[in-house]
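Colleague: Dropping in query01.tsv, with TSV, C-alpha atoms.
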chain	number	residue	atom	x	y	z
A	1	MET	CA	21.38	38.10	56.08
A	2	ASN	CA	20.00	41.24	54.48
A	3	ARG	CA	19.98	39.55	51.06
A	4	LEU	CA	18.13	36.58	52.50
A	5	ARG	CA	15.50	38.87	53.97
A	6	LEU	CA	15.05	40.67	50.66
A	7	TRP	CA	14.68	37.31	48.88
A	8	LEU	CA	12.11	36.16	51.40
A	9	LEU	CA	10.19	39.42	50.94
A	10	ALA	CA	10.38	39.11	47.15
A	11	VAL	CA	9.12	35.50	47.18
A	12	GLY	CA	6.28	36.33	49.56
A	13	GLY	CA	5.33	39.45	47.59
A	14	ALA	CA	5.37	37.57	44.28
A	15	GLY	CA	3.20	34.80	45.75
A	16	LEU	CA	0.68	37.28	47.15
A	17	THR	CA	0.54	39.17	43.84
A	18	ALA	CA	-0.02	35.94	41.89
A	19	LEU	CA	-2.84	34.86	44.23
A	20	LEU	CA	-4.52	38.28	44.11
A	21	VAL	CA	-4.34	38.42	40.31
A	22	ALA	CA	-5.70	34.86	40.10
A	23	ALA	CA	-8.57	35.79	42.44
A	24	CYS	CA	-9.59	38.97	40.60
A	25	PRO	CA	-11.33	37.28	37.60
A	26	GLY	CA	-13.57	35.45	40.09
A	27	LEU	CA	-14.96	38.71	41.54
A	28	PRO	CA	-18.44	39.89	40.54
A	29	ARG	CA	-18.35	42.69	37.96
A	30	PHE	CA	-18.11	46.31	39.19
A	31	GLY	CA	-21.59	47.78	39.73
A	32	GLY	CA	-23.43	44.53	38.88
A	33	ARG	CA	-27.03	43.76	39.80
A	34	SER	CA	-26.49	40.60	41.84
A	35	HIS	CA	-26.03	41.28	45.58
A	36	PRO	CA	-26.99	38.08	47.41
A	37	TYR	CA	-25.74	39.23	50.81
A	38	GLY	CA	-27.00	42.82	50.40
A	39	GLU	CA	-30.53	41.68	49.53
A	40	ARG	CA	-30.73	39.42	52.58
A	41	ALA	CA	-29.34	42.14	54.85
A	42	VAL	CA	-31.85	44.71	53.56
A	43	ARG	CA	-34.75	42.25	54.03
A	44	ALA	CA	-33.67	41.46	57.61
A	45	SER	CA	-33.25	45.15	58.47
A	46	LEU	CA	-36.69	46.04	57.04
A	47	ASP	CA	-38.21	43.18	59.05
A	48	ARG	CA	-36.94	44.84	62.20
A	49	HIS	CA	-37.99	48.37	61.14
A	50	THR	CA	-34.42	49.69	60.89
A	51	ALA	CA	-34.18	52.23	58.07
A	52	ASN	CA	-30.36	52.28	57.90
A	53	THR	CA	-29.30	48.80	56.82
A	54	VAL	CA	-25.69	49.43	57.81
A	55	ALA	CA	-26.79	50.16	61.38
A	56	SER	CA	-28.89	47.00	61.33
A	57	VAL	CA	-25.86	44.96	60.20
A	58	ASN	CA	-23.58	46.58	62.80
A	59	PHE	CA	-25.88	46.52	65.82
A	60	ASP	CA	-28.36	43.73	65.11
A	61	GLN	CA	-27.24	41.10	62.59
A	62	ARG	CA	-23.53	41.42	63.46
A	63	ALA	CA	-23.74	43.05	66.90
A	64	TYR	CA	-21.20	40.53	68.17
A	65	ASP	CA	-18.58	41.88	65.71
A	66	THR	CA	-19.20	45.39	67.00
A	67	LEU	CA	-18.56	44.12	70.53
A	68	GLY	CA	-15.14	42.94	69.31
A	69	GLU	CA	-14.39	46.27	67.64
A	70	MET	CA	-15.42	48.14	70.75
A	71	SER	CA	-13.08	45.98	72.86
A	72	ILE	CA	-10.22	46.70	70.43
A	73	LEU	CA	-10.73	50.45	70.83
A	74	PHE	CA	-11.04	50.11	74.61
A	75	ALA	CA	-7.84	48.03	74.85
A	76	ALA	CA	-5.96	50.39	72.51
A	77	VAL	CA	-6.88	53.46	74.56
A	78	LEU	CA	-6.01	51.62	77.78
A	79	GLY	CA	-2.60	50.77	76.29
A	80	CYS	CA	-2.01	54.42	75.32
A	81	VAL	CA	-2.93	55.62	78.80
A	82	VAL	CA	-0.47	53.14	80.36
A	83	LEU	CA	2.35	53.88	77.89
A	84	LEU	CA	1.99	57.67	77.94
A	85	ARG	CA	1.59	58.11	81.70
A	86	GLN	CA	3.90	60.48	83.55
A	87	ALA	CA	7.18	58.60	84.15
A	88	ARG	CA	9.35	58.97	87.24
A	89	ASP	CA	11.93	61.19	85.54
A	90	GLU	CA	9.32	63.59	84.18
A	91	HIS	CA	7.48	66.48	85.75
A	92	ARG	CA	4.50	68.61	84.83
A	93	ALA	CA	4.92	72.22	83.79
A	94	ARG	CA	1.91	74.50	83.48
A	95	PRO	CA	1.75	75.62	79.87
A	96	GLU	CA	1.61	79.39	79.58
A	97	PRO	CA	-1.52	80.82	77.99
A	98	ALA	CA	-0.74	81.84	74.43
A	99	ALA	CA	-2.34	84.60	72.41
A	100	VAL	CA	-4.92	83.33	69.91
A	101	ALA	CA	-5.52	85.15	66.66
A	102	ARG	CA	-8.95	86.78	66.78
A	103	PRO	CA	-10.41	85.09	63.63
A	104	VAL	CA	-9.26	81.68	64.89
A	105	ARG	CA	-10.91	82.28	68.25
A	106	ARG	CA	-14.15	83.50	66.69
A	107	TYR	CA	-14.33	80.62	64.19
A	108	ALA	CA	-13.50	77.93	66.77
A	109	LEU	CA	-16.05	79.21	69.30
A	110	ILE	CA	-18.80	79.44	66.66
A	111	VAL	CA	-18.10	75.99	65.21
A	112	LEU	CA	-17.72	74.22	68.57
A	113	PRO	CA	-21.43	74.05	69.56
A	114	VAL	CA	-22.47	73.30	65.96
A	115	ALA	CA	-19.98	70.42	65.72
A	116	LEU	CA	-20.98	69.08	69.14
A	117	VAL	CA	-24.68	69.05	68.24
A	118	THR	CA	-23.88	67.50	64.84
A	119	GLY	CA	-22.01	64.69	66.59
A	120	LEU	CA	-24.89	64.00	68.97
A	121	TYR	CA	-27.36	64.17	66.04
A	122	VAL	CA	-25.34	61.61	64.10
A	123	VAL	CA	-25.31	59.27	67.13
A	124	ALA	CA	-29.04	59.66	67.75
A	125	HIS	CA	-30.03	59.12	64.09
A	126	GLY	CA	-27.73	56.15	63.49
A	127	GLN	CA	-30.66	53.80	62.88
A	128	LEU	CA	-32.23	56.18	60.32
A	129	SER	CA	-29.48	57.84	58.29
A	130	PRO	CA	-25.79	57.23	57.56
A	131	GLY	CA	-23.64	57.48	60.63
A	132	GLY	CA	-24.01	56.10	64.11
A	133	GLY	CA	-22.24	55.79	67.42
A	134	PHE	CA	-18.72	55.57	66.06
A	135	GLN	CA	-18.87	58.48	63.61
A	136	GLY	CA	-20.89	60.75	65.87
A	137	GLY	CA	-18.73	59.92	68.89
A	138	VAL	CA	-15.54	60.94	67.09
A	139	VAL	CA	-17.17	64.17	65.84
A	140	ALA	CA	-18.42	65.13	69.32
A	141	ALA	CA	-15.08	64.32	70.97
A	142	THR	CA	-12.98	66.25	68.46
A	143	ALA	CA	-15.45	69.16	68.60
A	144	LEU	CA	-14.62	69.58	72.28
A	145	HIS	CA	-10.97	70.12	71.35
A	146	LEU	CA	-11.85	73.23	69.32
A	147	LEU	CA	-11.71	74.88	72.74
A	148	TYR	CA	-7.94	74.25	72.71
A	149	LEU	CA	-7.72	76.12	69.41
A	150	GLY	CA	-10.12	78.89	70.36
A	151	ALA	CA	-9.10	79.52	73.96
A	152	ASP	CA	-6.18	77.64	75.56
A	153	TYR	CA	-5.19	74.41	77.23
A	154	GLY	CA	-6.41	75.50	80.67
A	155	ALA	CA	-9.92	76.13	79.32
A	156	LEU	CA	-9.98	72.69	77.72
A	157	GLU	CA	-8.86	71.02	80.95
A	158	ARG	CA	-11.66	72.73	82.88
A	159	VAL	CA	-14.43	71.32	80.64
A	160	ARG	CA	-12.75	67.94	80.49
A	161	PRO	CA	-12.40	66.26	83.88
A	162	LEU	CA	-10.52	63.16	82.72
A	163	ALA	CA	-11.76	60.83	85.46
A	164	VAL	CA	-15.35	61.40	84.32
A	165	TYR	CA	-14.51	60.40	80.74
A	166	GLU	CA	-12.48	57.38	81.82
A	167	THR	CA	-15.41	56.19	83.95
A	168	SER	CA	-17.97	56.80	81.23
A	169	ASP	CA	-15.78	54.88	78.76
A	170	ALA	CA	-15.86	51.82	81.03
A	171	LEU	CA	-19.56	52.33	81.80
A	172	ALA	CA	-20.44	52.42	78.09
A	173	VAL	CA	-18.60	49.14	77.49
A	174	CYS	CA	-20.54	47.63	80.43
A	175	ALA	CA	-23.80	49.01	79.02
A	176	TYR	CA	-23.20	47.23	75.71
A	177	LEU	CA	-22.46	43.96	77.53
A	178	VAL	CA	-25.52	44.33	79.76
A	179	LEU	CA	-27.74	44.98	76.73
A	180	GLY	CA	-26.35	41.77	75.25
A	181	LEU	CA	-26.83	39.77	78.44
A	182	ALA	CA	-30.42	41.00	78.70
A	183	GLY	CA	-31.14	38.85	75.66
A	184	VAL	CA	-29.65	35.79	77.39
A	185	LEU	CA	-31.66	36.42	80.55
A	186	ALA	CA	-34.86	36.77	78.52
A	187	GLY	CA	-34.23	33.34	77.07
A	188	THR	CA	-33.11	34.18	73.52
A	189	ALA	CA	-29.42	34.74	72.69
A	190	PHE	CA	-26.57	37.12	73.47
A	191	LEU	CA	-27.18	40.48	71.72
A	192	ALA	CA	-30.30	39.13	69.98
A	193	ASN	CA	-32.57	42.03	69.04
A	194	THR	CA	-35.84	40.47	70.19
A	195	LEU	CA	-36.55	42.14	73.53
A	196	LEU	CA	-37.77	45.61	72.60
A	197	PRO	CA	-40.68	46.48	70.31
A	198	TYR	CA	-39.45	47.41	66.82
A	199	GLY	CA	-41.47	50.64	66.73
A	200	THR	CA	-42.69	52.59	63.70
A	201	PHE	CA	-40.40	52.41	60.67
A	202	ASN	CA	-38.24	55.53	60.09
A	203	THR	CA	-38.84	57.13	63.49
A	204	LEU	CA	-36.24	57.77	66.21
A	205	SER	CA	-37.52	54.97	68.42
A	206	SER	CA	-37.49	52.26	65.72
A	207	GLY	CA	-35.23	49.24	65.42
A	208	GLY	CA	-35.54	47.68	68.86
A	209	ALA	CA	-32.18	47.62	70.62
A	210	VAL	CA	-30.29	49.29	67.74
A	211	PRO	CA	-30.62	52.90	69.05
A	212	LEU	CA	-29.57	51.80	72.55
A	213	LEU	CA	-26.49	49.92	71.32
A	214	ASN	CA	-25.74	52.91	69.08
A	215	ALA	CA	-25.87	55.24	72.07
A	216	ALA	CA	-23.59	52.93	74.09
A	217	ILE	CA	-21.05	52.88	71.25
A	218	GLY	CA	-21.33	56.66	70.83
A	219	MET	CA	-20.60	57.20	74.54
A	220	GLU	CA	-17.72	54.70	74.44
A	221	VAL	CA	-16.09	56.20	71.35
A	222	ALA	CA	-16.53	59.82	72.47
A	223	SER	CA	-14.98	59.14	75.89
A	224	ALA	CA	-12.23	56.95	74.40
A	225	VAL	CA	-11.23	59.66	71.90
A	226	VAL	CA	-11.27	62.35	74.60
A	227	VAL	CA	-9.04	60.21	76.86
A	228	LEU	CA	-6.73	59.32	73.95
A	229	LEU	CA	-6.31	62.95	72.87
A	230	ALA	CA	-5.84	64.00	76.50
A	231	THR	CA	-2.91	61.62	77.01
A	232	PHE	CA	-1.32	62.80	73.75
A	233	LEU	CA	-1.94	66.47	74.64
A	234	ASP	CA	-0.42	65.92	78.09
A	235	GLN	CA	2.73	64.59	76.48
A	236	ALA	CA	2.85	67.36	73.88
A	237	VAL	CA	2.05	70.28	76.17
A	238	GLU	CA	2.52	69.56	79.85
A	239	ILE	CA	4.90	66.71	80.74
A	240	GLU	CA	8.59	67.56	80.58
A	241	GLU	CA	11.74	65.59	81.29
A	242	LYS	CA	13.71	66.66	84.34
A	243	GLN	CA	16.73	68.78	83.46
A	244	GLY	CA	20.02	66.88	83.47
A	245	SER	CA	18.43	63.44	83.29
B	246	MET	CA	-21.77	60.14	34.28
B	247	SER	CA	-21.33	58.52	37.68
B	248	ASP	CA	-18.41	56.53	36.28
B	249	ALA	CA	-16.67	59.81	35.43
B	250	VAL	CA	-17.17	61.04	39.03
B	251	ILE	CA	-15.70	57.77	40.38
B	252	VAL	CA	-12.67	58.09	38.08
B	253	VAL	CA	-12.07	61.71	39.15
B	254	ALA	CA	-12.34	60.75	42.84
B	255	LEU	CA	-9.95	57.83	42.36
B	256	LEU	CA	-7.42	60.06	40.56
B	257	LEU	CA	-7.63	62.68	43.33
B	258	VAL	CA	-7.04	59.97	45.97
B	259	ALA	CA	-4.06	58.57	44.03
B	260	ALA	CA	-2.52	62.03	43.52
B	261	CYS	CA	-2.99	62.99	47.17
B	262	ALA	CA	-1.62	59.66	48.46
B	263	THR	CA	1.47	60.08	46.25
B	264	ALA	CA	1.92	63.62	47.59
B	265	ALA	CA	1.70	62.28	51.18
B	266	VAL	CA	4.44	59.74	50.47
B	267	ALA	CA	6.63	62.25	48.59
B	268	GLN	CA	6.44	64.81	51.42
B	269	ARG	CA	9.26	64.14	53.92
B	270	ASP	CA	8.36	66.48	56.79
B	271	PRO	CA	6.00	64.60	59.18
B	272	ALA	CA	4.07	67.75	60.18
B	273	ARG	CA	3.28	68.55	56.54
B	274	GLN	CA	2.58	64.89	55.89
B	275	ALA	CA	-0.15	65.08	58.53
B	276	LEU	CA	-1.80	67.97	56.67
B	277	VAL	CA	-1.63	66.11	53.34
B	278	LEU	CA	-3.05	63.04	55.11
B	279	SER	CA	-5.99	65.14	56.26
B	280	VAL	CA	-6.73	66.22	52.67
B	281	LEU	CA	-6.33	62.57	51.58
B	282	GLY	CA	-8.94	61.62	54.21
B	283	LEU	CA	-11.32	64.18	52.68
B	284	PHE	CA	-10.86	62.78	49.14
B	285	LEU	CA	-11.28	59.21	50.42
B	286	ALA	CA	-14.53	60.28	52.10
B	287	VAL	CA	-15.70	61.73	48.76
B	288	LEU	CA	-14.73	58.48	47.00
B	289	PHE	CA	-16.65	56.34	49.51
B	290	THR	CA	-19.71	58.58	49.21
B	291	VAL	CA	-19.56	58.39	45.40
B	292	LEU	CA	-19.38	54.58	45.73
B	293	GLN	CA	-22.60	54.73	47.83
B	294	ALA	CA	-21.00	53.98	51.19
B	295	PRO	CA	-21.80	57.16	53.16
B	296	ASP	CA	-21.36	55.38	56.53
B	297	VAL	CA	-17.74	54.52	55.72
B	298	GLY	CA	-17.29	58.00	54.27
B	299	LEU	CA	-18.36	59.58	57.54
B	300	SER	CA	-15.97	57.36	59.53
B	301	GLN	CA	-13.17	58.24	57.14
B	302	LEU	CA	-13.93	61.95	57.45
B	303	ALA	CA	-13.95	61.81	61.26
B	304	VAL	CA	-10.95	59.54	61.78
B	305	GLY	CA	-8.84	60.02	58.65
B	306	SER	CA	-9.01	63.76	58.27
B	307	ALA	CA	-9.44	64.92	61.87
B	308	LEU	CA	-8.22	62.41	64.45
B	309	THR	CA	-5.17	60.78	62.82
B	310	PRO	CA	-3.51	64.04	61.63
B	311	LEU	CA	-4.13	65.53	65.07
B	312	LEU	CA	-2.43	62.59	66.80
B	313	ILE	CA	0.51	62.78	64.35
B	314	MET	CA	0.89	66.54	64.94
B	315	LEU	CA	0.88	66.04	68.72
B	316	SER	CA	3.50	63.25	68.48
B	317	VAL	CA	5.69	65.41	66.24
B	318	ARG	CA	5.45	68.29	68.69
B	319	ARG	CA	6.39	66.03	71.56
B	320	THR	CA	9.48	64.56	69.86
B	321	ARG	CA	10.66	67.99	68.65
B	322	ARG	CA	10.29	69.44	72.16
B	323	ARG	CA	12.25	66.55	73.66
B	324	GLY	CA	15.08	67.19	71.16
B	325	ARG	CA	15.12	70.89	72.13
B	326	THR	CA	15.29	70.31	75.92
B	327	LYS	CA	18.09	67.78	75.46
B	328	GLU	CA	20.18	70.28	73.48
B	329	GLY	CA	19.05	73.26	75.52
B	330	PRO	CA	21.01	73.11	78.85
B	331	GLU	CA	24.46	72.64	77.28
How would this structure read if it were set down as structure tokens?

Modeller:
Amino acid sequence: MNRLRLWLLAVGGAGLTALLVAACPGLPRFGGRSHPYGERAVRASLDRHTANTVASVNFDQRAYDTLGEMSILFAAVLGCVVLLRQARDEHRARPEPAAVARPVRRYALIVLPVALVTGLYVVAHGQLSPGGGFQGGVVAATALHLLYLGADYGALERVRPLAVYETSDALAVCAYLVLGLAGVLAGTAFLANTLLPYGTFNTLSSGGAVPLLNAAIGMEVASAVVVLLATFLDQAVEIEEKQGS
Amino acid sequence: MSDAVIVVALLLVAACATAAVAQRDPARQALVLSVLGLFLAVLFTVLQAPDVGLSQLAVGSALTPLLIMLSVRRTRRRGRTKEGPE
């Protein structure tokens, strides 16, 4: 049985390798000048006054793909929350406050506000410079957890009422859907970026619906990451199995 | 010139990825993974994809190692409480 499996793996691997090698000569050369898709994407993003072409692809030309990615993250976090909930044979123990080395505390508490603002900046400037809702959301959410390093778990729990983040996660997903449906109601298409004025190129309010969708994604990702880390932290720090079970 | 930078970044990524595989302790693997995330972010930025680089920096070198460390802590603690009462 084991031999058969190995043979199957070897045949499949050899086939995949052969196909990949055969496909490689057909690729455009590294660093070439011909970018048919890139040129069209840049033209479309400039038409709609979005300075960051990647943001225009993610939230305007391919906004529907981003909806799918957002649903994947939402479903994944939901699955984690369900799997890592407190089981019947487990109980919660208050973690004791631990001493934090003074340099660690100082560094964490200085970096926390800087990282938080950086995250929000990256979300807000998604349509202008590299970054956007996803990147900024992760930065802002992980920044909050510097409090766990700098102070202790109790302090983190006080600034992080979980129910609020769970609700805002769901609300952000709804906001994205509503922004998409607005297009349908206005008579164009789902997630079509035709409702809002495109604004002045390279300013914060440019790009039509792109900044709004960016903000929705930022809120969704930040809350999702906070909830995800909270369920993992609960398991690592608080929840314990009952003795003798 | 820029080709040389790309080659150096690629070599750093390859070396760091090999180190992550060669390291057997999951907690240390998480740390190596975080450094690998940093090098990958540099590689993406050198290849003119700063958006992907930022994602890689946020997820690959902060979030994933953190989740791995928390999981490791949880499984180690469970092992200790099971052996503890005897």

Colleague: Quote the spacing between CA of Leu285 (chain B) and CA of Leu302 (chain B) in Å to one decimal place.

Modeller: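 Interatomic distance, CA of Leu285 (chain B) to CA of Leu302 (chain B): 8.0 Å.
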
Colleague: Where does chain B meet chain A within 8 Å, residue by residue, with the nearest atom pair and distance in Å to one decimal for each, counting only C-alpha atoms, listed by chain and rising number, as a tab-separated table?

Modeller:
residue	atom	partner	partner_atom	distance
B:Pro295	CA	A:Pro130	CA	5.9
B:Asp296	CA	A:Pro130	CA	4.9
B:Leu299	CA	A:Gln135	CA	6.2
B:Ser300	CA	A:Gln135	CA	5.1
B:Ala303	CA	A:Val139	CA	6.1
B:Val304	CA	A:Val138	CA	7.2
B:Ala307	CA	A:Thr142	CA	7.6
B:Leu308	CA	A:Thr142	CA	7.3
B:Leu312	CA	A:Phe232	CA	7.0
B:Leu315	CA	A:Ala236	CA	5.7
B:Ser316	CA	A:Ala236	CA	6.8
B:Arg318	CA	A:Ala236	CA	5.9
B:Arg319	CA	A:Ala236	CA	4.4
B:Arg322	CA	A:Ala236	CA	7.9
B:Arg323	CA	A:Glu241	CA	7.7
B:Thr326	CA	A:Gln243	CA	7.8
B:Pro330	CA	A:Gln243	CA	7.6

Colleague: Kindly extract all protein, DNA and RNA residues lying within 9 Å of the coordinates (3.2, 64.7, 60.6) given in the file, considering all atoms listed in the file, and supply them as a compact mmCIF listing (two decimals) with C-alpha atoms, keeping the file's coordinate frame.

Modeller:
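Wrote part23.txt, looks like this:
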# COMPACT_ATOMS: atom_id res chain seq x y z
CA ASP B 270 8.36 66.48 56.79
CA PRO B 271 6.00 64.60 59.18
CA ALA B 272 4.07 67.75 60.18
CA ARG B 273 3.28 68.55 56.54
CA GLN B 274 2.58 64.89 55.89
CA ALA B 275 -0.15 65.08 58.53
CA LEU B 276 -1.80 67.97 56.67
CA VAL B 277 -1.63 66.11 53.34
CA LEU B 278 -3.05 63.04 55.11
CA PRO B 310 -3.51 64.04 61.63
CA LEU B 311 -4.13 65.53 65.07
CA LEU B 312 -2.43 62.59 66.80
CA ILE B 313 0.51 62.78 64.35
CA MET B 314 0.89 66.54 64.94
CA LEU B 315 0.88 66.04 68.72
CA SER B 316 3.50 63.25 68.48
CA VAL B 317 5.69 65.41 66.24

Colleague: Leaving out region 157-174 of chain A and any residue of its chain fewer than 2 positions from it, which residues lie within 10 Å of it when counting only C-alpha atoms, given as a ChimeraX atom specification?

Modeller: /A:67,70-71,74,77-78,144-145,147-148,152-155,176-180,213,215-228,230-231

Colleague: For a test of reading the model, state the distance in Å between CA of Phe190 (chain A) and CA of Arg40 (chain A), rounded to one decimal.

Modeller: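 Spanning CA of Phe190 (chain A) to CA of Arg40 (chain A) is a straight-line distance of 21.4 Å.
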
Colleague: Can you work out the spacing between CA of Leu9 (chain A) and CA of Ala22 (chain A) in Å, to one decimal?

Modeller: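 Distance between the two atoms: 19.8 Å.
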
Colleague: Write out as an mmCIF file with C-alpha atoms, keeping the file's coordinate frame which residues come within 9 Å of Ala186 (chain A) when counting all atoms listed in the file, dropping same-chain ones fewer than 4 positions away.

Modeller:
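What ended up in around.cif:
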data_model
loop_
_atom_site.group_PDB
_atom_site.id
_atom_site.type_symbol
_atom_site.label_atom_id
_atom_site.label_comp_id
_atom_site.auth_asym_id
_atom_site.auth_seq_id
_atom_site.Cartn_x
_atom_site.Cartn_y
_atom_site.Cartn_z
ATOM 1 C CA LEU A 181 -26.830 39.770 78.440
ATOM 2 C CA ALA A 182 -30.420 41.000 78.700
ATOM 3 C CA LEU A 195 -36.550 42.140 73.530
#

Colleague: Would you list the contacts of Gly298 (chain B) as a list of chain:residue names, taking every protein, DNA or RNA residue within 6 Å and counting all atoms listed in the file, but skipping same-chain residues closer than 4 positions in sequence?

Modeller: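 Once the nearby chain positions are removed, what remains is B:Ala286, B:Phe289, B:Thr290.
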
Colleague: Residues around (-31.4, 36.7, 70.4), cut-off 12 Å, counting all atoms listed in the file - what are they as a PyMOL selection string?

Modeller: chain A and resi 60-64+179-196+208-209

Colleague: Kindly indicate which residue among B:Leu256, B:Ile251, B:Ala267, B:Ala262 lies nearest to Gly282 (chain B), using only C-alpha atoms for the distances.

Modeller: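 Of B:Leu256, B:Ile251, B:Ala267, B:Ala262, the one nearest Gly282 (chain B), counting only C-alpha atoms, is B:Ala262.
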
Colleague: Restricting the calculation to all atoms listed in the file: of A:Gly150, A:Phe201, A:Ala10, A:Phe30, which residue gets closest to Leu292 (chain B)?

Modeller: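 Nearest candidate to Leu292 (chain B) out of A:Gly150, A:Phe201, A:Ala10, A:Phe30: A:Phe30.
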
Colleague: If you take every atom of region 158-163 of chain A that the file lists and fit an axis-aligned box around them with 5 Å extra on each side, what centre and edge lengths come out in Å to one decimal, as lines of an AutoDock Vina configuration file?

Modeller:
center_x = -12.5
center_y = 66.8
center_z = 83.0
size_x = 13.9
size_y = 21.9
size_z = 15.0

Colleague: Skip Arg102 (chain A) itself and residues of its chain fewer than 4 positions away, then list as a list in words all residues within 12 Å of it, counting only C-alpha atoms.

Modeller: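 Residues meeting the cut-off are Arg106, Tyr107, Ala108, Leu109, Leu149, Gly150 and Ala151 of chain A.
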
Colleague: Residues at most 7 Å from His49 (chain A), counting all atoms listed in the file, excluding those fewer than 3 positions away in the same chain, as a list in words?

Modeller: Ser45, Leu46, Tyr198, Gly199, Thr200, Phe201, Ser206 and Gly207 of chain A

Colleague: For the residues in that selection, give me C-alpha atoms as a PDB file, keeping the file's coordinate frame.

Modeller:
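Written out: out.pdb:
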ATOM      1  CA  SER A  45     -33.250  45.150  58.470  1.00  0.00           C
ATOM      2  CA  LEU A  46     -36.690  46.040  57.040  1.00  0.00           C
ATOM      3  CA  TYR A 198     -39.450  47.410  66.820  1.00  0.00           C
ATOM      4  CA  GLY A 199     -41.470  50.640  66.730  1.00  0.00           C
ATOM      5  CA  THR A 200     -42.690  52.590  63.700  1.00  0.00           C
ATOM      6  CA  PHE A 201     -40.400  52.410  60.670  1.00  0.00           C
ATOM      7  CA  SER A 206     -37.490  52.260  65.720  1.00  0.00           C
ATOM      8  CA  GLY A 207     -35.230  49.240  65.420  1.00  0.00           C
TER       9      GLY A 207
END
